[in-house]
Each structure stands twice: as structure tokens, then as C-alpha cells.
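J.: Next up, structure07.csv (CSV, C-alpha atoms).
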chain,number,residue,atom,x,y,z
A,1,MET,CA,-4.3,-12.3,23.5
A,2,PRO,CA,-4.5,-8.5,23.3
A,3,LYS,CA,-5.4,-7.4,19.7
A,4,ASP,CA,-2.4,-4.9,19.6
A,5,LYS,CA,0.0,-7.9,19.6
A,6,LEU,CA,-1.6,-9.6,16.6
A,7,LYS,CA,0.8,-9.8,13.5
A,8,ILE,CA,-0.3,-11.2,10.1
A,9,HIS,CA,1.8,-11.5,7.0
A,10,PHE,CA,0.4,-10.0,3.8
A,11,ALA,CA,1.5,-12.1,0.9
A,12,THR,CA,1.9,-9.4,-1.7
A,13,THR,CA,4.7,-7.8,-3.8
A,14,ASN,CA,2.8,-4.5,-4.2
A,15,ARG,CA,4.0,-2.1,-1.6
A,16,SER,CA,1.3,0.5,-2.3
A,17,LYS,CA,-1.4,-2.1,-1.8
A,18,PHE,CA,0.3,-3.1,1.5
A,19,LEU,CA,0.5,0.5,2.8
A,20,GLU,CA,-3.3,1.0,2.2
A,21,ALA,CA,-4.1,-2.3,3.9
A,22,GLN,CA,-1.7,-1.6,6.8
A,23,SER,CA,-3.3,1.7,7.7
A,24,VAL,CA,-6.8,0.0,7.8
A,25,MET,CA,-5.5,-2.9,9.9
A,26,LYS,CA,-4.1,-0.5,12.5
A,27,GLU,CA,-7.8,0.5,13.3
A,28,TYR,CA,-8.2,-3.1,14.5
A,29,GLY,CA,-4.9,-3.3,16.4
A,30,ILE,CA,-3.4,-5.7,13.8
A,31,ARG,CA,0.2,-5.3,12.7
A,32,LEU,CA,0.4,-6.2,9.0
A,33,ILE,CA,3.8,-7.4,7.8
A,34,PHE,CA,4.9,-7.0,4.1
A,35,LEU,CA,6.0,-10.4,2.8
A,36,GLY,CA,7.4,-9.3,-0.6
A,37,LYS,CA,6.2,-12.4,-2.3
A,38,LYS,CA,2.9,-14.1,-3.0
A,39,GLY,CA,1.4,-17.6,-3.6
A,40,LEU,CA,0.7,-18.8,-7.1
A,41,GLU,CA,-2.5,-17.2,-8.5
A,42,ILE,CA,-4.9,-19.2,-10.6
A,43,GLN,CA,-6.7,-18.0,-13.7
A,44,SER,CA,-10.4,-17.5,-12.8
A,45,ASP,CA,-13.2,-15.0,-13.3
A,46,ASN,CA,-13.8,-15.3,-9.5
A,47,LEU,CA,-11.6,-13.0,-7.4
A,48,GLU,CA,-12.5,-14.9,-4.2
A,49,GLU,CA,-11.3,-18.1,-5.7
A,50,ILE,CA,-8.0,-16.5,-6.8
A,51,ALA,CA,-7.4,-14.9,-3.4
A,52,LYS,CA,-8.3,-18.1,-1.5
A,53,GLN,CA,-6.0,-20.3,-3.6
A,54,SER,CA,-3.2,-17.8,-3.3
A,55,ALA,CA,-3.6,-17.6,0.5
A,56,ILE,CA,-3.6,-21.4,0.8
A,57,ALA,CA,-0.4,-21.6,-1.4
A,58,SER,CA,1.6,-19.0,0.6
A,59,SER,CA,0.4,-20.2,4.0
A,60,THR,CA,1.3,-23.9,3.1
A,61,ASP,CA,4.6,-22.9,1.5
A,62,MET,CA,5.7,-20.8,4.5
A,63,ARG,CA,3.9,-22.5,7.3
A,64,ILE,CA,2.5,-19.2,8.6
A,65,SER,CA,-0.8,-17.4,8.7
A,66,THR,CA,-1.1,-15.2,5.6
A,67,ILE,CA,-3.4,-12.8,3.9
A,68,ALA,CA,-3.7,-12.6,0.1
A,69,GLU,CA,-5.7,-10.1,-1.7
A,70,ASP,CA,-6.9,-10.0,-5.3
A,71,ALA,CA,-8.5,-6.9,-6.8
A,72,GLY,CA,-9.8,-5.9,-10.1
A,73,LEU,CA,-11.6,-3.1,-12.1
A,74,PHE,CA,-14.7,-4.4,-13.8
A,75,ILE,CA,-16.0,-2.1,-16.5
A,76,ASP,CA,-19.6,-2.6,-17.5
A,77,PRO,CA,-19.4,-1.6,-21.2
A,78,LEU,CA,-16.3,-3.8,-21.6
A,79,ARG,CA,-18.1,-6.8,-20.2
A,80,GLY,CA,-16.1,-6.8,-17.0
A,81,PHE,CA,-12.7,-6.3,-18.6
A,82,PRO,CA,-10.0,-6.0,-17.2
A,83,GLY,CA,-11.4,-7.8,-14.1
A,84,PRO,CA,-9.2,-10.4,-12.6
A,85,TYR,CA,-6.3,-9.5,-15.0
A,86,SER,CA,-6.2,-5.8,-14.1
A,87,SER,CA,-2.5,-6.0,-13.1
A,88,PHE,CA,-1.4,-7.5,-16.4
A,89,VAL,CA,-3.6,-5.1,-18.4
A,90,PHE,CA,-2.2,-2.1,-16.4
A,91,ARG,CA,1.3,-3.2,-17.3
A,92,THR,CA,0.5,-3.7,-21.0
A,93,LEU,CA,-2.2,-1.2,-22.0
A,94,GLY,CA,-2.1,1.2,-19.0
A,95,CYS,CA,-4.8,3.8,-18.3
A,96,ASP,CA,-4.5,5.1,-21.8
A,97,GLY,CA,-5.6,1.7,-23.3
A,98,ILE,CA,-8.7,1.7,-21.2
A,99,LEU,CA,-9.6,5.3,-22.2
A,100,LYS,CA,-9.1,4.3,-25.9
A,101,LEU,CA,-11.4,1.3,-25.5
A,102,LEU,CA,-14.1,3.6,-23.9
A,103,LYS,CA,-13.7,6.3,-26.5
A,104,GLY,CA,-17.2,7.4,-27.6
A,105,SER,CA,-18.9,5.3,-24.9
A,106,HIS,CA,-21.5,7.1,-22.8
A,107,ASN,CA,-21.8,4.2,-20.4
A,108,ARG,CA,-18.6,4.4,-18.3
A,109,LYS,CA,-20.0,2.5,-15.2
A,110,ALA,CA,-17.4,0.4,-13.4
A,111,ARG,CA,-16.6,-1.1,-10.1
A,112,PHE,CA,-13.4,-1.9,-8.2
A,113,VAL,CA,-13.7,-5.2,-6.3
A,114,SER,CA,-11.4,-6.6,-3.6
A,115,ALA,CA,-11.3,-10.1,-2.2
A,116,VAL,CA,-9.2,-10.5,1.0
A,117,ALA,CA,-8.4,-14.1,2.0
A,118,TYR,CA,-7.0,-15.2,5.3
A,119,CYS,CA,-5.4,-18.6,5.7
A,120,ASP,CA,-3.5,-20.4,8.5
A,121,PRO,CA,-1.7,-23.7,7.8
A,122,LEU,CA,-4.3,-25.8,9.7
A,123,HIS,CA,-7.6,-24.4,8.4
A,124,LEU,CA,-9.5,-23.6,5.2
A,125,PRO,CA,-9.2,-20.0,4.1
A,126,ILE,CA,-11.9,-17.4,4.8
A,127,CYS,CA,-12.6,-14.6,2.4
A,128,PHE,CA,-14.1,-11.1,2.6
A,129,SER,CA,-15.1,-9.1,-0.5
A,130,ALA,CA,-16.1,-5.5,-1.0
A,131,VAL,CA,-16.9,-3.2,-3.8
A,132,SER,CA,-16.5,0.4,-4.7
A,133,GLU,CA,-19.0,1.5,-7.4
A,134,GLY,CA,-18.1,4.3,-9.7
A,135,PHE,CA,-17.2,5.2,-13.3
A,136,VAL,CA,-14.2,5.7,-15.6
A,137,GLY,CA,-13.3,9.4,-16.2
A,138,THR,CA,-12.6,10.8,-19.7
A,139,GLY,CA,-8.9,11.3,-18.9
A,140,THR,CA,-6.2,10.5,-16.2
A,141,ARG,CA,-6.2,12.8,-13.2
A,142,GLY,CA,-4.0,12.7,-10.0
A,143,THR,CA,-0.7,11.0,-9.0
A,144,SER,CA,-1.5,9.2,-5.8
A,145,GLY,CA,-2.3,5.5,-5.4
A,146,PHE,CA,-1.4,3.0,-8.2
A,147,GLY,CA,-2.8,1.1,-11.1
A,148,PHE,CA,-6.1,2.4,-12.5
A,149,ASP,CA,-6.6,4.9,-9.7
A,150,PRO,CA,-6.1,7.9,-12.1
A,151,ILE,CA,-9.2,7.0,-14.1
A,152,PHE,CA,-11.6,5.7,-11.5
A,153,ILE,CA,-14.1,8.0,-9.8
A,154,PRO,CA,-16.1,6.5,-6.9
A,155,LEU,CA,-19.8,7.3,-7.0
A,156,GLU,CA,-20.0,8.4,-3.4
A,157,ASN,CA,-17.5,11.2,-4.1
A,158,GLY,CA,-18.4,11.6,-7.7
A,159,LYS,CA,-15.7,14.1,-8.6
A,160,LYS,CA,-12.2,13.1,-7.6
A,161,THR,CA,-10.4,10.1,-9.0
A,162,PHE,CA,-8.8,7.7,-6.4
A,163,ALA,CA,-5.4,9.2,-7.6
A,164,GLU,CA,-6.5,12.7,-6.6
A,165,MET,CA,-7.3,11.6,-3.0
A,166,SER,CA,-5.0,11.2,0.0
A,167,SER,CA,-4.7,7.7,1.2
A,168,ILE,CA,-7.0,8.5,4.2
A,169,GLU,CA,-9.7,9.8,1.8
A,170,LYS,CA,-9.2,6.8,-0.6
A,171,ASN,CA,-9.6,4.4,2.3
A,172,ARG,CA,-13.0,6.0,3.0
A,173,TYR,CA,-14.4,4.8,-0.3
A,174,SER,CA,-12.1,2.0,-1.5
A,175,HIS,CA,-13.0,-1.6,-2.2
A,176,ARG,CA,-9.7,-2.7,-0.5
A,177,ALA,CA,-10.2,-0.7,2.7
A,178,ARG,CA,-13.8,-2.1,3.0
A,179,ALA,CA,-12.7,-5.7,2.5
A,180,PHE,CA,-9.9,-5.3,5.0
A,181,ARG,CA,-12.3,-3.7,7.5
A,182,LYS,CA,-14.6,-6.8,7.1
A,183,PHE,CA,-11.6,-9.0,7.9
A,184,GLY,CA,-10.6,-6.7,10.8
A,185,LYS,CA,-14.1,-7.0,12.4
A,186,TRP,CA,-14.0,-10.8,11.9
A,187,SER,CA,-10.6,-11.0,13.5
A,188,ILE,CA,-11.8,-9.1,16.6
A,189,ARG,CA,-14.7,-11.5,17.0
A,190,SER,CA,-12.7,-14.7,16.3
A,191,LYS,CA,-9.1,-13.9,17.3
A,192,PRO,CA,-7.3,-15.8,14.5
B,1,MET,CA,3.7,-50.8,-29.4
B,2,PRO,CA,2.5,-49.7,-32.9
B,3,LYS,CA,2.1,-45.9,-33.0
B,4,ASP,CA,-1.4,-46.2,-34.5
B,5,LYS,CA,-2.6,-47.6,-31.2
B,6,LEU,CA,-1.4,-44.7,-29.1
B,7,LYS,CA,-4.2,-42.7,-27.4
B,8,ILE,CA,-3.8,-39.5,-25.4
B,9,HIS,CA,-6.4,-37.4,-23.7
B,10,PHE,CA,-6.3,-33.7,-24.5
B,11,ALA,CA,-7.4,-31.7,-21.4
B,12,THR,CA,-9.3,-28.9,-23.1
B,13,THR,CA,-12.9,-27.6,-23.2
B,14,ASN,CA,-12.3,-26.0,-26.6
B,15,ARG,CA,-13.6,-28.3,-29.4
B,16,SER,CA,-12.1,-26.2,-32.2
B,17,LYS,CA,-8.7,-26.3,-30.6
B,18,PHE,CA,-9.1,-30.1,-30.2
B,19,LEU,CA,-10.1,-30.6,-33.9
B,20,GLU,CA,-7.0,-28.7,-35.1
B,21,ALA,CA,-4.7,-30.7,-32.8
B,22,GLN,CA,-6.4,-34.0,-33.6
B,23,SER,CA,-5.8,-33.7,-37.4
B,24,VAL,CA,-2.1,-33.0,-36.7
B,25,MET,CA,-1.7,-35.9,-34.3
B,26,LYS,CA,-3.1,-38.3,-37.0
B,27,GLU,CA,0.1,-37.6,-39.0
B,28,TYR,CA,1.9,-39.3,-36.1
B,29,GLY,CA,-0.5,-42.2,-35.7
B,30,ILE,CA,-1.7,-40.8,-32.3
B,31,ARG,CA,-5.4,-40.8,-31.5
B,32,LEU,CA,-6.2,-37.7,-29.5
B,33,ILE,CA,-9.3,-37.9,-27.2
B,34,PHE,CA,-11.4,-34.8,-26.2
B,35,LEU,CA,-11.5,-34.6,-22.4
B,36,GLY,CA,-14.1,-31.7,-22.2
B,37,LYS,CA,-12.4,-30.3,-19.1
B,38,LYS,CA,-9.0,-29.0,-18.1
B,39,GLY,CA,-6.7,-28.7,-15.1
B,40,LEU,CA,-6.5,-25.4,-13.2
B,41,GLU,CA,-4.5,-22.8,-15.0
B,42,ILE,CA,-2.1,-20.4,-13.1
B,43,GLN,CA,-1.6,-16.7,-13.8
B,44,SER,CA,1.8,-16.3,-15.5
B,45,ASP,CA,3.4,-14.4,-18.4
B,46,ASN,CA,5.0,-17.7,-19.4
B,47,LEU,CA,2.7,-20.0,-21.5
B,48,GLU,CA,5.0,-23.0,-20.9
B,49,GLU,CA,4.6,-22.7,-17.2
B,50,ILE,CA,0.8,-22.4,-17.5
B,51,ALA,CA,0.6,-25.4,-19.8
B,52,LYS,CA,2.9,-27.6,-17.7
B,53,GLN,CA,1.0,-26.8,-14.4
B,54,SER,CA,-2.3,-27.5,-16.1
B,55,ALA,CA,-1.1,-30.8,-17.5
B,56,ILE,CA,0.2,-31.8,-14.1
B,57,ALA,CA,-3.2,-30.9,-12.5
B,58,SER,CA,-5.3,-32.9,-15.0
B,59,SER,CA,-3.0,-35.8,-15.1
B,60,THR,CA,-2.8,-36.0,-11.3
B,61,ASP,CA,-6.6,-35.5,-10.8
B,62,MET,CA,-7.5,-38.2,-13.4
B,63,ARG,CA,-4.5,-40.5,-13.1
B,64,ILE,CA,-4.1,-40.7,-16.9
B,65,SER,CA,-1.6,-39.2,-19.4
B,66,THR,CA,-2.8,-35.9,-20.6
B,67,ILE,CA,-1.9,-33.0,-22.9
B,68,ALA,CA,-2.6,-29.4,-22.0
B,69,GLU,CA,-2.1,-26.5,-24.4
B,70,ASP,CA,-1.9,-22.8,-23.7
B,71,ALA,CA,-1.8,-20.3,-26.5
B,72,GLY,CA,-1.9,-16.6,-26.8
B,73,LEU,CA,-1.7,-13.7,-29.3
B,74,PHE,CA,1.2,-11.4,-28.4
B,75,ILE,CA,0.9,-7.9,-30.1
B,76,ASP,CA,4.1,-5.9,-30.2
B,77,PRO,CA,2.7,-2.3,-30.0
B,78,LEU,CA,0.5,-3.5,-27.1
B,79,ARG,CA,3.5,-4.8,-25.1
B,80,GLY,CA,2.5,-8.4,-25.6
B,81,PHE,CA,-1.2,-7.9,-24.7
B,82,PRO,CA,-3.4,-10.0,-24.7
B,83,GLY,CA,-0.8,-12.8,-24.4
B,84,PRO,CA,-1.6,-15.5,-21.8
B,85,TYR,CA,-5.1,-14.0,-21.2
B,86,SER,CA,-6.2,-14.1,-24.8
B,87,SER,CA,-9.2,-16.2,-24.1
B,88,PHE,CA,-10.6,-13.8,-21.4
B,89,VAL,CA,-9.8,-10.8,-23.7
B,90,PHE,CA,-11.6,-12.5,-26.6
B,91,ARG,CA,-14.7,-13.1,-24.4
B,92,THR,CA,-14.7,-9.5,-23.2
B,93,LEU,CA,-13.3,-7.2,-25.8
B,94,GLY,CA,-13.4,-9.5,-28.9
B,95,CYS,CA,-11.6,-8.7,-32.2
B,96,ASP,CA,-13.2,-5.3,-32.3
B,97,GLY,CA,-11.5,-4.3,-29.0
B,98,ILE,CA,-8.1,-5.2,-30.4
B,99,LEU,CA,-8.7,-3.3,-33.6
B,100,LYS,CA,-9.8,-0.2,-31.5
B,101,LEU,CA,-6.6,-0.4,-29.5
B,102,LEU,CA,-4.5,-0.6,-32.6
B,103,LYS,CA,-6.4,2.2,-34.4
B,104,GLY,CA,-3.8,4.6,-35.9
B,105,SER,CA,-0.9,2.3,-35.2
B,106,HIS,CA,1.4,1.5,-38.2
B,107,ASN,CA,3.2,-1.2,-36.2
B,108,ARG,CA,0.8,-4.2,-36.2
B,109,LYS,CA,3.4,-6.9,-35.6
B,110,ALA,CA,2.2,-9.8,-33.6
B,111,ARG,CA,2.7,-13.5,-33.0
B,112,PHE,CA,0.6,-16.4,-31.9
B,113,VAL,CA,2.4,-18.7,-29.5
B,114,SER,CA,1.4,-22.2,-28.5
B,115,ALA,CA,2.8,-24.4,-25.6
B,116,VAL,CA,1.9,-28.0,-25.6
B,117,ALA,CA,2.6,-29.9,-22.4
B,118,TYR,CA,2.4,-33.7,-22.0
B,119,CYS,CA,2.3,-35.3,-18.5
B,120,ASP,CA,1.8,-38.8,-17.2
B,121,PRO,CA,1.0,-39.5,-13.5
B,122,LEU,CA,4.6,-40.7,-12.8
B,123,HIS,CA,6.8,-38.2,-14.5
B,124,LEU,CA,7.4,-34.4,-14.8
B,125,PRO,CA,5.7,-32.8,-17.8
B,126,ILE,CA,7.5,-32.1,-21.0
B,127,CYS,CA,6.6,-29.0,-23.1
B,128,PHE,CA,6.9,-28.0,-26.8
B,129,SER,CA,6.5,-24.4,-28.0
B,130,ALA,CA,6.1,-22.9,-31.4
B,131,VAL,CA,5.3,-19.6,-32.9
B,132,SER,CA,3.5,-18.1,-35.9
B,133,GLU,CA,4.8,-14.7,-36.8
B,134,GLY,CA,2.5,-12.2,-38.4
B,135,PHE,CA,0.5,-9.1,-38.0
B,136,VAL,CA,-2.9,-7.8,-37.1
B,137,GLY,CA,-5.1,-6.8,-40.0
B,138,THR,CA,-7.2,-3.6,-40.1
B,139,GLY,CA,-10.5,-5.4,-40.0
B,140,THR,CA,-12.0,-8.8,-39.3
B,141,ARG,CA,-12.0,-11.3,-42.3
B,142,GLY,CA,-13.2,-14.9,-42.5
B,143,THR,CA,-15.3,-17.2,-40.5
B,144,SER,CA,-13.2,-20.3,-40.0
B,145,GLY,CA,-11.2,-21.1,-36.8
B,146,PHE,CA,-11.9,-19.4,-33.5
B,147,GLY,CA,-10.7,-16.6,-31.2
B,148,PHE,CA,-8.6,-13.9,-32.8
B,149,ASP,CA,-8.2,-15.9,-36.1
B,150,PRO,CA,-10.2,-13.2,-38.1
B,151,ILE,CA,-7.6,-10.5,-37.4
B,152,PHE,CA,-4.3,-12.5,-37.6
B,153,ILE,CA,-2.4,-12.8,-40.8
B,154,PRO,CA,0.6,-15.1,-40.7
B,155,LEU,CA,3.7,-13.6,-42.4
B,156,GLU,CA,4.5,-16.7,-44.5
B,157,ASN,CA,1.1,-16.2,-46.3
B,158,GLY,CA,0.9,-12.5,-45.9
B,159,LYS,CA,-2.6,-12.1,-47.3
B,160,LYS,CA,-5.2,-14.3,-45.7
B,161,THR,CA,-6.2,-14.3,-42.0
B,162,PHE,CA,-6.3,-17.6,-40.2
B,163,ALA,CA,-10.1,-17.4,-40.4
B,164,GLU,CA,-10.0,-17.3,-44.2
B,165,MET,CA,-8.1,-20.6,-44.4
B,166,SER,CA,-9.3,-24.1,-44.4
B,167,SER,CA,-8.1,-26.1,-41.3
B,168,ILE,CA,-5.5,-27.9,-43.6
B,169,GLU,CA,-4.1,-24.5,-44.7
B,170,LYS,CA,-4.1,-23.0,-41.2
B,171,ASN,CA,-2.2,-26.1,-39.9
B,172,ARG,CA,0.5,-25.3,-42.4
B,173,TYR,CA,1.3,-22.0,-40.6
B,174,SER,CA,-0.2,-22.2,-37.2
B,175,HIS,CA,1.6,-22.1,-33.9
B,176,ARG,CA,-0.6,-24.9,-32.5
B,177,ALA,CA,0.1,-27.3,-35.4
B,178,ARG,CA,3.8,-26.6,-35.1
B,179,ALA,CA,3.9,-27.2,-31.4
B,180,PHE,CA,1.8,-30.4,-31.8
B,181,ARG,CA,4.2,-31.6,-34.5
B,182,LYS,CA,7.1,-31.2,-32.2
B,183,PHE,CA,5.2,-33.3,-29.6
B,184,GLY,CA,4.4,-35.9,-32.4
B,185,LYS,CA,8.1,-36.2,-33.4
B,186,TRP,CA,9.1,-36.6,-29.7
B,187,SER,CA,6.4,-39.2,-29.1
B,188,ILE,CA,7.7,-41.3,-32.0
B,189,ARG,CA,11.2,-41.2,-30.6
B,190,SER,CA,10.3,-41.9,-27.0
B,191,LYS,CA,7.0,-43.8,-27.1
B,192,PRO,CA,5.3,-42.2,-24.2
Take the structure in the file and write it out as C-alpha cells.
T.:
Amino acid sequence: MPKDKLKIHFATTNRSKFLEAQSVMKEYGIRLIFLGKKGLEIQSDNLEEIAKQSAIASSTDMRISTIAEDAGLFIDPLRGFPGPYSSFVFRTLGCDGILKLLKGSHNRKARFVSAVAYCDPLHLPICFSAVSEGFVGTGTRGTSGFGFDPIFIPLENGKKTFAEMSSIEKNRYSHRARAFRKFGKWSIRSKP
Amino acid sequence: MPKDKLKIHFATTNRSKFLEAQSVMKEYGIRLIFLGKKGLEIQSDNLEEIAKQSAIASSTDMRISTIAEDAGLFIDPLRGFPGPYSSFVFRTLGCDGILKLLKGSHNRKARFVSAVAYCDPLHLPICFSAVSEGFVGTGTRGTSGFGFDPIFIPLENGKKTFAEMSSIEKNRYSHRARAFRKFGKWSIRSKP
């Protein structure tokens, strides 16, 4: 089957996340489709476990092949907070809450982690993880992206926050783009 | 069946939580047994949903009647944070993190909520919720209890934190004791 015909449903409700992943998947000739809903997510400190269970749930419910992604910002001086619960923490505390928690802290080391799980109704899920190492800035900067993008500066760039980058530039450094590229390479090898 | 013979397994890994619930259940002639493990918990803003799914999971896995409880501290000026993720937030930020987030805030209104779900392998779960209204103090006080007890002052007492109370006194005001009492009353009526 030619790769440019491959369609996969992305079980997410987050359109910004979808658009980032979609542009990466195009590099591999995969057409990603926005599902607008996602499978149940479990509580766990392990993003891969959350993504895999969610992919199983959506794939089983809808009887189609799906991708689920779970991502989180893990901040070293906050012992990995907000981690797997980044979405809830963004909705309640926002970027300002994180900045308040880090006030006076010299150590601002953090990493964004993404786990992309692919599942079809007949097989166990397969998962690809990737990391973007960086640090939390001292204020919010930029309006692109979503979530904690305005406070996260990837080490490889070292200056701009994710929210100050175009989507193309963000995809050069981002955890999500890297995890989706791992999936893309696997899909070319194994033709899901 | 005489009520003093009724045994129910409490699917929890938290021994402090178990001891609180056990002393309340004695009032209803129910012997609560510590299970030392719990069913998978889902991510949700709804404690009842989390408790019910967890009770279903443990009851189905072990083929016994189980109780699962989910509880959280919902802080008004933090838009309900840490809510359903109180356990993770306690492990990462602790009481000091909450106090830092509330620094300078006059509004410190908060509530502890508990949802107790009972499930047997043949029926759908039934859930009982209860609340303890109060506020977050300006520092930590007391060493009893667990979790956010040293910063939570129930309105009905208005002075002591939960961690400054004996377990008997805490059970007079606490969300958990109230939810377990609702379950106890139901169990007397319906003999599970």
C-alpha cells in the first residue's frame, strides 16, 4: 500500500496538538484525522502507560486504528510536577501558578515528554516516547502553541520559548514532533 | 445476617485512610479489611466517577465485594486545584507548595470531598459523597492525619487543622467519615 494513502485517526480533543502532529506525519505520507474525542485516561506517573491504555480504549470502542498521545511538563525542582497532570494544572493554575511555585528558585530545569501510542483493534499497542530538555523562564513570552509553551525554553535553542516559535520551528525541538517522527519511521518499516 | 458479621474489603494502599474509615464502619457493625492494593484509577474531574471505576476494577479483578474511595482538596482561589490529583500534588509540591500558591490571597476557601464507592462482582457500583467545608491556613500545624491535613481547617471548628485533631475529633467533621457514614446507613438498610 503506498504510504501516501495511509490514514490514521488521532484520538484527541486538542486541535493545536493535532495540527502539530499532522504536519509531522505528512513527512511520512500519513494522513492524520482529527477524532475530536479520546479514550479514557488512567491516573499514572507513567505517560506511556496512560497513552497505551487510552489508545486501547479508543481503538476498542470505535473498532478502528487510533493514535493517542500523552504529554507532560516535568519540572525538576518541583519533583516532576505537573507531569502527567499538566492539562489539569494548566486549566487551574496556568503558567502564572508555575512561575509562582518557582519564584526564588535558581534551578529551573525541566523537560517536556511525549508518549505516542498506536493501537489497532487486533493487536497490543506500541508506544514511542521522546523528550525536549529545557528550562522554565522567569515570565511568559509568546502567543503561539498552547499549554505551558509560553514558559518553556528548549535547551537546544536556549532563548525562545515554544510560544515564540512558528510551528515549523517548534517541531524542530519539540517532544511531540520527535515522538511522532519515531512513530512515522516505524510505520514506514512495518506498514500498520 | 447480623450486621456485626459483615466484612468488606477496602481497596486502598493508604493505611491512614483505612484506619479512619475502619473506626467509622465499626459504628455500623461492619468489619473493614485492608486490601493493600487498589483498582486502576481514571483521570476525571469527577471524584464519584473515579471511585466507581476503581471499585468496579478491584471487584472484577478479585471477584469480591470492595470499597474504593477517592478524595480531594478543592481550593476556590485555585479553581479547584489540586482536586482529584491531591495525592500526586501532595507527593510533589506538598503543603508548602499550596501555601506558596496562596501567598497574598485573602480568599482561602476550600473543601475536602470524599466519594466512597461500593461494588460487588454482580452489580453496578453505588457511590456516597460528602464534603467538609473549610479554609486553608497560613502555615502548617499539627502532626496527626495525613496529606493536606496540616493546612486544612474545617469551618465547623474554625480553629484547629485536621492534623491538630485526634482521629475521633477529625471523624466528627471529615468528608471521609461523613461519606462512610452514608455508606454505613445504606448498608444497614440494604444488607449488601
J.: Within 12 Å of (1.1, -25.0, -39.5), in the coordinates the file gives, what residues turn up when you count only C-alpha atoms, written out as a VMD selection string?
T.: chain B and resid 20 to 21 23 to 24 112 to 114 130 to 133 154 156 to 157 162 165 to 182
J.: With all atoms listed in the file counted and 10 Å as the cut-off, give the residues of chain A in contact with chain B, each with its shortest interatomic distance in Å and the pair that gives it, as a tab-separated table.
T.:
residue	atom	partner	partner_atom	distance
A:Leu40	CA	B:Ile42	CA	6.8
A:Glu41	CA	B:Gln43	CA	5.4
A:Ile42	CA	B:Ile42	CA	3.9
A:Gln43	CA	B:Ile42	CA	5.2
A:Ser44	CA	B:Glu41	CA	8.2
A:Asp45	CA	B:Phe88	CA	8.6
A:Ile50	CA	B:Ile42	CA	9.5
A:Pro77	CA	B:Thr92	CA	9.4
A:Leu78	CA	B:Thr92	CA	6.1
A:Arg79	CA	B:Thr92	CA	5.3
A:Gly80	CA	B:Thr92	CA	6.9
A:Phe81	CA	B:Thr92	CA	5.9
A:Pro82	CA	B:Val89	CA	8.1
A:Gly83	CA	B:Phe88	CA	9.5
A:Pro84	CA	B:Phe88	CA	9.5
A:Tyr85	CA	B:Tyr85	CA	7.8
A:Phe88	CA	B:Phe81	CA	8.3
A:Val89	CA	B:Phe81	CA	7.3
A:Arg91	CA	B:Arg79	CA	8.3
A:Thr92	CA	B:Arg79	CA	5.2
A:Leu93	CA	B:Leu78	CA	6.2
A:Gly94	CA	B:Leu78	CA	9.7
A:Asp96	CA	B:Leu101	CA	9.7
A:Gly97	CA	B:Leu101	CA	6.6
A:Ile98	CA	B:Leu101	CA	8.8
A:Leu99	CA	B:Leu101	CA	9.7
A:Lys100	CA	B:Leu101	CA	6.4
A:Leu101	CA	B:Lys100	CA	6.4
A:Leu102	CA	B:Lys100	CA	9.5
A:Lys103	CA	B:Lys100	CA	9.1
J.: Which polymer residues have any atom within 8 Å of an atom of Ser65 (chain B), counting only C-alpha atoms, with same-chain residues fewer than 2 positions away left out, as number ranges by chain?
T.: B: 8-9, 59, 63, 67, 118-121
J.: For CA of Ile75 (chain B) and CA of His106 (chain B), determine how far apart the two atoms are, in Å to one decimal place.
T.: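 Value for the CA of Ile75 (chain B)-CA of His106 (chain B) distance: 12.4 Å.
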J.: Between A:Ala115, A:Ala57, A:Ala68, A:Cys95, which residue has the minimum interatomic distance to Pro150 (chain A), considering all atoms listed in the file?
T.: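 Of A:Ala115, A:Ala57, A:Ala68, A:Cys95, the one nearest Pro150 (chain A) is A:Cys95, counting all atoms listed in the file.
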J.: What does the distance between CA of Thr161 (chain A) and CA of Tyr28 (chain A) come to in Å, to one decimal place?
T.: 27.0 Å
J.: Which is closer to Met62 (chain B) than all the others in B:Arg31, B:Gly158, B:Ala11, B:Phe74, using all atoms listed in the file?
T.: B:Ala11
J.: Report, in Å to a single decimal, how far apart CA of Asn107 (chain A) and CA of Phe148 (chain A) are.
T.: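 CA of Asn107 (chain A) lies 17.7 Å from CA of Phe148 (chain A).
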J.: Which residue out of B:Ile30, B:Ala51, B:Leu19, B:Ile64 has the minimum interatomic distance to Leu122 (chain B) when all atoms listed in the file are used?
T.: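 For Leu122 (chain B), the nearest of the given residues is B:Ile64.
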J.: I'd like the contact shell of Thr12 (chain B) - 12 Å cut-off, all atoms listed in the file, skipping same-chain residues fewer than 2 positions apart - returned as a VMD selection string.
T.: chain B and resid 9 to 10 14 to 19 21 32 to 41 51 54 to 55 58 66 to 71 116 to 117
J.: So, with all atoms listed in the file as the atoms that count, which of A:Pro125, A:Gly29, A:Gly184, A:Gly134 lies closest to Lys109 (chain A)?
T.: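 Under the stated criterion, the closest residue is A:Gly134.
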J.: Complete the atom set of region 53-64 of chain A to N, CA and C atoms and return it as a compact mmCIF listing (two decimals), keeping the file's coordinate frame.
T.:
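This is the output file rebuild-v3.txt:
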# COMPACT_ATOMS: atom_id res chain seq x y z
N GLN A 53 -7.06 -19.40 -3.12
CA GLN A 53 -6.00 -20.30 -3.60
C GLN A 53 -4.62 -19.77 -3.30
N SER A 54 -4.48 -18.46 -3.50
CA SER A 54 -3.20 -17.80 -3.30
C SER A 54 -2.82 -17.82 -1.81
N ALA A 55 -3.82 -17.58 -0.96
CA ALA A 55 -3.60 -17.60 0.50
C ALA A 55 -3.20 -19.01 0.95
N ILE A 56 -3.89 -20.01 0.42
CA ILE A 56 -3.60 -21.40 0.80
C ILE A 56 -2.10 -21.69 0.35
N ALA A 57 -1.74 -21.29 -0.88
CA ALA A 57 -0.40 -21.60 -1.40
C ALA A 57 0.68 -20.93 -0.53
N SER A 58 0.51 -19.65 -0.20
CA SER A 58 1.60 -19.00 0.60
C SER A 58 1.60 -19.49 2.01
N SER A 59 0.44 -19.76 2.58
CA SER A 59 0.40 -20.20 4.00
C SER A 59 1.00 -21.65 4.06
N THR A 60 0.72 -22.50 3.08
CA THR A 60 1.30 -23.90 3.10
C THR A 60 2.78 -23.83 2.84
N ASP A 61 3.21 -23.03 1.86
CA ASP A 61 4.60 -22.90 1.50
C ASP A 61 5.45 -22.48 2.75
N MET A 62 4.93 -21.43 3.43
CA MET A 62 5.70 -20.80 4.50
C MET A 62 5.37 -21.22 5.87
N ARG A 63 4.32 -22.01 5.98
CA ARG A 63 3.90 -22.50 7.30
C ARG A 63 3.58 -21.37 8.28
N ILE A 64 2.96 -20.31 7.78
CA ILE A 64 2.50 -19.20 8.60
C ILE A 64 1.13 -18.78 8.21
